[in-house]
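Structure record follows, encoded as structure tokens.
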Amino acid sequence: MAFPQGKAVAAAWAAPVALLALWQVACLSGLFPPQVLVPPSVVAQALADMAASGELQRHVGDSLYRLLVGFAIGAGAGMVFGAALALSRLVEAVLSPLFLTLWQVPVIAFVPLMVMFLGIDEPFKIAVVAIAAFFPMALATFDGIRGVPRNWFDVAKVYRLSLLQLIRRILLPATVPAVLTGLRISLTRAWVVLVAAELLAADSGIGQMMEMGRQLFQIDVVLAGVVVSGLIGFLLDRGARWVESRATRWRTA
Amino acid sequence: MNPHPHAREDLAQAAASRGALTVSGLDKSFDIGGKPRKILDGINLNVRPGEFVSIVGASGCGKSTLLRLIAGLDTDYSGELRLDGDRIATTSLDRGIVFQDHRLFPWMTLEQNVELALLNTDTPKSRRAQIVADHIALVNLKGFEKAYPHQLSGGMAQRAAIARALVTEPKLLLLDEPLGALDALTRVHVQNELQRIWMAQRSTMVMVTHDVEEALYLGDRVIVMSPNPGRIRRIVEVDLPHPRDRRAPLLHRLKDEILAELTSGADAAESADNLVHLPSREAR
């Protein structure tokens with residue numbers, strides 16, 4: 001933590017560089033057939049070729065579009081549902097057991113059913129993302145609202161805050177940290193689930209690109225997909241963390 | 001360090017005519033395990049305008065409950081609670097309260113926290129910034145207006161909470177063990193501050209504490225309460241002008257008396273021998 005900036009950057013690069021080196025060494029050792037373990041240089045070449053032809057951008061663009069739309073729907077609904085669960089004992093009593101049970105089901109397990117109802121076009125993939133984003137968001141919102149200290153309601157009462165003032169000035173800011181953490185977790189979860197769903201059934205997207213590569217035995221394309229989906233997930237997480245720390249600077253400053 | 005002259009004048013004039021608290025025949029019960037349990041039993045107390053009254057007692061004697069009732073945070077009681085003749089039925093901006101934990105909102109700066117108290121007052125918007133600044137100066141926190149609560153020390157945060165409670169210029173300020181969470185040195189410092197603030201504001205103050213020395217140092221009168229159920233056991237007049245000297249012999253004599261009183265109850269009989277001797281050792 002108390003690392004100088006330059007050293008921290010160097011440290012962050014150490015492990016990926018070491019992994020690349022190990023990968024290259026393993027390829028050169030001749031222990032694995034080159035069709036199975038493709039060297040990093042070939043993967044880089046495949047990435048460059050796909051980028052040059054615009055194929056990579058098309059797949060990434062399709063995936064990100066699904067992520068964006070599905071996430072907006074799922075996280076929005078999750079927030080509303082989580083708030084309802086936290087604010088109403090009745091809603092909690094009726095819906096929370098079902099909610100907690102469904103939450104334990106891997107989102108991928110819904111895929112066969114959803115393909116039957118929605119086909120494999122955009123609505124299906126957007127729905128998968130929405131479901132993946134919904135649960136962590138609902139849970140984070142619920143915890144955020146329930147976590148508001150009761151003592152703060154006394155303060156609001158002493159200063160005669162109206163319900164609207166209480167919501168705007170106390171409840172909303174108090175739940176912002178939990179909600180932002182929920183947004184980050186559901187965003188990255190949604191990304192992982194989307195790539196997996198595209199692997200199973202899709203006509204485009206980063207997952208489908210990998211699945212096609214597998215079927216054509218182009219392992220360089222499969223690995224390129226691994227690298228790209230990992231990088232995108234990393235950047236999504238980083239971006240969300242940045243927003244989080246900006247919005248809650250009062251916590252640490 | 002220059003409190004608003006206008007506010008000061010108002011307060012000085014109003015002090016004589018406002019902030020009279022009357023408690024008569026106050027009973028309060030809680031439901032514990034389905035059975036009603038009496039917490040406060042027949043409390044009678046008159047607090048004069050501008051007076052500083054301390055309440056001490058063992059934990060569980062209902063002193064904090066009494067303060068919550070006066071604040072209007074709990075309205076389920078029988079008996080009479082009146083401020084300047086008006087029955088207390090809910091919270092009011094006439095009655096400020098400082099809690100043991102500062103309860104500042106962490107996402108607001110000190111300034112914003114204090115200003116929140118003015119949200120529903122009829123103070124003109126144009127004057128609010130000045131009034132907030134005056135009260136921050138009053139508690140000696142000038143220069144920390146833009147600080148967030150986590151950047152303040154415990155003592156500073158508690159003083160900020162006092163500024164927030166005073167900014168509405170309440171007739172009555174309630175203090176619920178306001179210094180209980182502070183270390184010994186900071187405590188003495190904030191006690192001095194509190195005395196200075198009270199002398200500057202002259203609003204009526206009622207403070208609950210478990211520290212007998214603190215109660216005597218600040219209070220014009222000290223109410224001694226006994227538990228199970230909470231009753232007023234004794235009222236001690238502290239006939240010393242403010243500002244006081246902590247070393248005043250009267251304070252030490254009264255402290256020994258009150259401690260003996262607190263520890264000589266039927267329920268504390270067997271341990272009284274041990275406890276009564278402690279204060280005299282402390283006093284030396």
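Lettering and numbering for the structure tokens are positional, with chains as A, B, ... in the shown order, residues counted from 1 in each chain, and ligands counted from 1 in the shown order.
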Show me, as a compact mmCIF listing (two decimals) with N, CA and C atoms, in the first residue's frame, the residues of chain B whose atoms get within 8 Å of chain A, using only C-alpha atoms for the distance check.
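Output saved as result30.txt:
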# COMPACT_ATOMS: atom_id res chain seq x y z
N ALA B 71 -36.74 15.29 24.80
CA ALA B 71 -36.45 15.66 23.41
C ALA B 71 -37.65 15.44 22.51
N LEU B 73 -38.32 12.40 21.34
CA LEU B 73 -38.01 11.24 20.48
C LEU B 73 -38.86 10.04 20.89
N THR B 91 -40.80 15.98 18.64
CA THR B 91 -39.57 16.77 18.65
C THR B 91 -39.89 18.20 18.24
N SER B 92 -38.99 19.11 18.56
CA SER B 92 -39.19 20.51 18.21
C SER B 92 -37.84 21.17 18.07
N LEU B 93 -37.77 22.16 17.22
CA LEU B 93 -36.51 22.89 17.05
C LEU B 93 -36.19 23.75 18.27
N GLY B 96 -32.90 21.20 21.50
CA GLY B 96 -31.77 20.58 20.81
C GLY B 96 -31.26 19.42 21.64
N ILE B 97 -30.57 18.49 20.98
CA ILE B 97 -29.99 17.38 21.75
C ILE B 97 -28.63 17.01 21.17
N ARG B 103 -22.97 11.63 15.85
CA ARG B 103 -24.04 11.49 14.85
C ARG B 103 -23.97 12.57 13.78
N PHE B 105 -23.22 13.45 9.90
CA PHE B 105 -23.34 12.63 8.69
C PHE B 105 -22.02 12.64 7.94
N PRO B 106 -21.45 11.44 7.68
CA PRO B 106 -20.08 11.38 7.19
C PRO B 106 -19.88 11.97 5.79
N TRP B 107 -20.94 12.08 5.00
CA TRP B 107 -20.77 12.61 3.64
C TRP B 107 -20.92 14.13 3.60
N MET B 108 -21.22 14.72 4.73
CA MET B 108 -21.35 16.17 4.77
C MET B 108 -20.14 16.77 5.48
N LEU B 116 -27.57 21.69 8.18
CA LEU B 116 -28.73 20.80 8.07
C LEU B 116 -29.77 21.12 9.16
N ALA B 117 -29.28 21.51 10.33
CA ALA B 117 -30.18 21.80 11.44
C ALA B 117 -31.08 22.99 11.12
N LEU B 118 -30.62 23.86 10.22
CA LEU B 118 -31.40 25.07 9.90
C LEU B 118 -32.40 24.83 8.78
N LEU B 119 -32.38 23.62 8.21
CA LEU B 119 -33.19 23.33 7.02
C LEU B 119 -34.65 23.73 7.19
N ASN B 120 -35.23 23.38 8.33
CA ASN B 120 -36.66 23.64 8.51
C ASN B 120 -36.92 24.77 9.50
N TYR B 148 -14.46 16.82 6.73
CA TYR B 148 -15.44 15.75 6.90
C TYR B 148 -15.29 15.17 8.30
N HIS B 150 -14.75 12.32 9.57
CA HIS B 150 -13.65 11.40 9.86
C HIS B 150 -12.31 12.11 9.96
Between atom CA of Arg66 of chain A and atom CA of Ala83 of chain A - distance in Å to one decimal: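 Atom-to-atom, atom CA of Ala83 of chain A to atom CA of Arg66 of chain A, that is 25.3 Å.
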Residues near segment 17-28 of chain A, cut-off 10 Å, only C-alpha atoms, skip fewer than 5 positions along chain, as a PyMOL selection string: chain A and resi 12+33-34+36-41
I need the residues from that last selection saved to file as a tab-separated table (two decimals), in the first residue's frame (with N, CA and C atoms), if you can.
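Resulting contents of result_22.tsv:
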chain	number	residue	atom	x	y	z
A	12	ALA	N	2.74	-4.38	-10.69
A	12	ALA	CA	1.52	-4.85	-11.33
A	12	ALA	C	1.83	-5.57	-12.65
A	33	PRO	N	2.14	-30.14	-28.43
A	33	PRO	CA	2.08	-29.87	-29.86
A	33	PRO	C	1.71	-28.41	-30.11
A	34	PRO	N	2.33	-27.76	-31.07
A	34	PRO	CA	2.12	-26.33	-31.30
A	34	PRO	C	0.67	-25.99	-31.68
A	36	VAL	N	-1.88	-27.17	-30.15
A	36	VAL	CA	-2.64	-27.09	-28.90
A	36	VAL	C	-2.18	-25.91	-28.06
A	37	LEU	N	-0.89	-25.81	-27.81
A	37	LEU	CA	-0.38	-24.67	-27.04
A	37	LEU	C	0.26	-23.68	-28.01
A	38	VAL	N	-0.54	-22.67	-28.36
A	38	VAL	CA	-0.07	-21.67	-29.32
A	38	VAL	C	0.80	-20.64	-28.59
A	39	PRO	N	1.93	-20.28	-29.13
A	39	PRO	CA	2.78	-19.30	-28.44
A	39	PRO	C	2.14	-17.91	-28.43
A	40	PRO	N	2.49	-17.10	-27.43
A	40	PRO	CA	1.90	-15.77	-27.30
A	40	PRO	C	2.10	-14.90	-28.54
A	41	SER	N	3.20	-15.09	-29.21
A	41	SER	CA	3.46	-14.27	-30.39
A	41	SER	C	2.40	-14.52	-31.46
Segment 63-164 of chain B: which residues are strand (DSSP E or B) by DSSP, as a tab-separated table (two decimals) with C-alpha atoms, in the first residue's frame?
chain	number	residue	atom	x	y	z
B	78	SER	CA	-47.72	9.34	31.43
B	79	GLY	CA	-47.48	12.46	33.51
B	80	GLU	CA	-46.55	15.96	32.47
B	81	LEU	CA	-43.67	17.27	30.40
B	82	ARG	CA	-43.84	20.94	29.56
B	83	LEU	CA	-41.46	23.48	28.09
B	86	ASP	CA	-46.41	23.75	26.26
B	87	ARG	CA	-46.85	20.01	26.54
B	95	ARG	CA	-35.23	21.52	22.02
B	96	GLY	CA	-31.77	20.58	20.81
B	97	ILE	CA	-29.99	17.38	21.75
B	98	VAL	CA	-26.38	16.20	21.67
Which residue of B:Asp101, B:Glu169, B:Asp41, B:Glu257 approaches Arg18 of chain B most closely, using only C-alpha atoms: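 Closest to Arg18 of chain B, using only C-alpha atoms: B:Glu169.
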Contacts of Leu172 of chain A at 9 Å (only C-alpha atoms; same-chain gap of 5+ positions) as a list in words: Ile145, Leu166 and Ile167 of chain A
Close residues, Tyr77 of chain B itself excluded, 12 Å, only C-alpha atoms, min 3 positions apart in chain, as an MDAnalysis selection string: chainID B and resid 23:30 38:43 65:66 68:70 72:74 80:81 87:90
Two-atom distance - atom CA of Glu115 of chain B, atom CA of Ala157 of chain B (Å):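 Atom CA of Glu115 of chain B sits 15.0 Å away from atom CA of Ala157 of chain B.
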Test item: residues at most 9 Å from segment 174-179 of chain B, only C-alpha atoms, excluding those fewer than 6 positions along its chain, as a VMD selection string: chain B and resid 63 to 64 67 to 68 70 to 71 95 to 102 155 158 162 165 186 to 187 190 to 191 204 to 211
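One finds atom CA of Leu68 of chain A at 9.6 Å from atom CA of Trp191 of chain A.
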Neighbour list for Met212 of chain A as a list in words, cut-off 9 Å, only C-alpha atoms, skip fewer than 6 positions in-chain: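 The filter keeps Leu199, Gln218, Val221 and Val222 of chain A.
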Go ahead and write the selection's residues with N, CA and C atoms as an mmCIF file, in the first residue's frame.
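File result04.cif, as written:
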data_model
loop_
_atom_site.group_PDB
_atom_site.id
_atom_site.type_symbol
_atom_site.label_atom_id
_atom_site.label_comp_id
_atom_site.auth_asym_id
_atom_site.auth_seq_id
_atom_site.Cartn_x
_atom_site.Cartn_y
_atom_site.Cartn_z
ATOM 1 N N LEU A 199 -20.656 -18.114 -25.511
ATOM 2 C CA LEU A 199 -19.978 -19.376 -25.835
ATOM 3 C C LEU A 199 -20.997 -20.462 -26.164
ATOM 4 N N GLN A 218 -8.874 -23.126 -34.266
ATOM 5 C CA GLN A 218 -7.953 -21.978 -34.285
ATOM 6 C C GLN A 218 -7.735 -21.567 -32.821
ATOM 7 N N VAL A 221 -7.166 -17.920 -31.874
ATOM 8 C CA VAL A 221 -8.353 -17.064 -31.762
ATOM 9 C C VAL A 221 -9.017 -17.256 -30.389
ATOM 10 N N VAL A 222 -9.067 -18.510 -29.929
ATOM 11 C CA VAL A 222 -9.654 -18.792 -28.615
ATOM 12 C C VAL A 222 -8.876 -18.031 -27.530
#
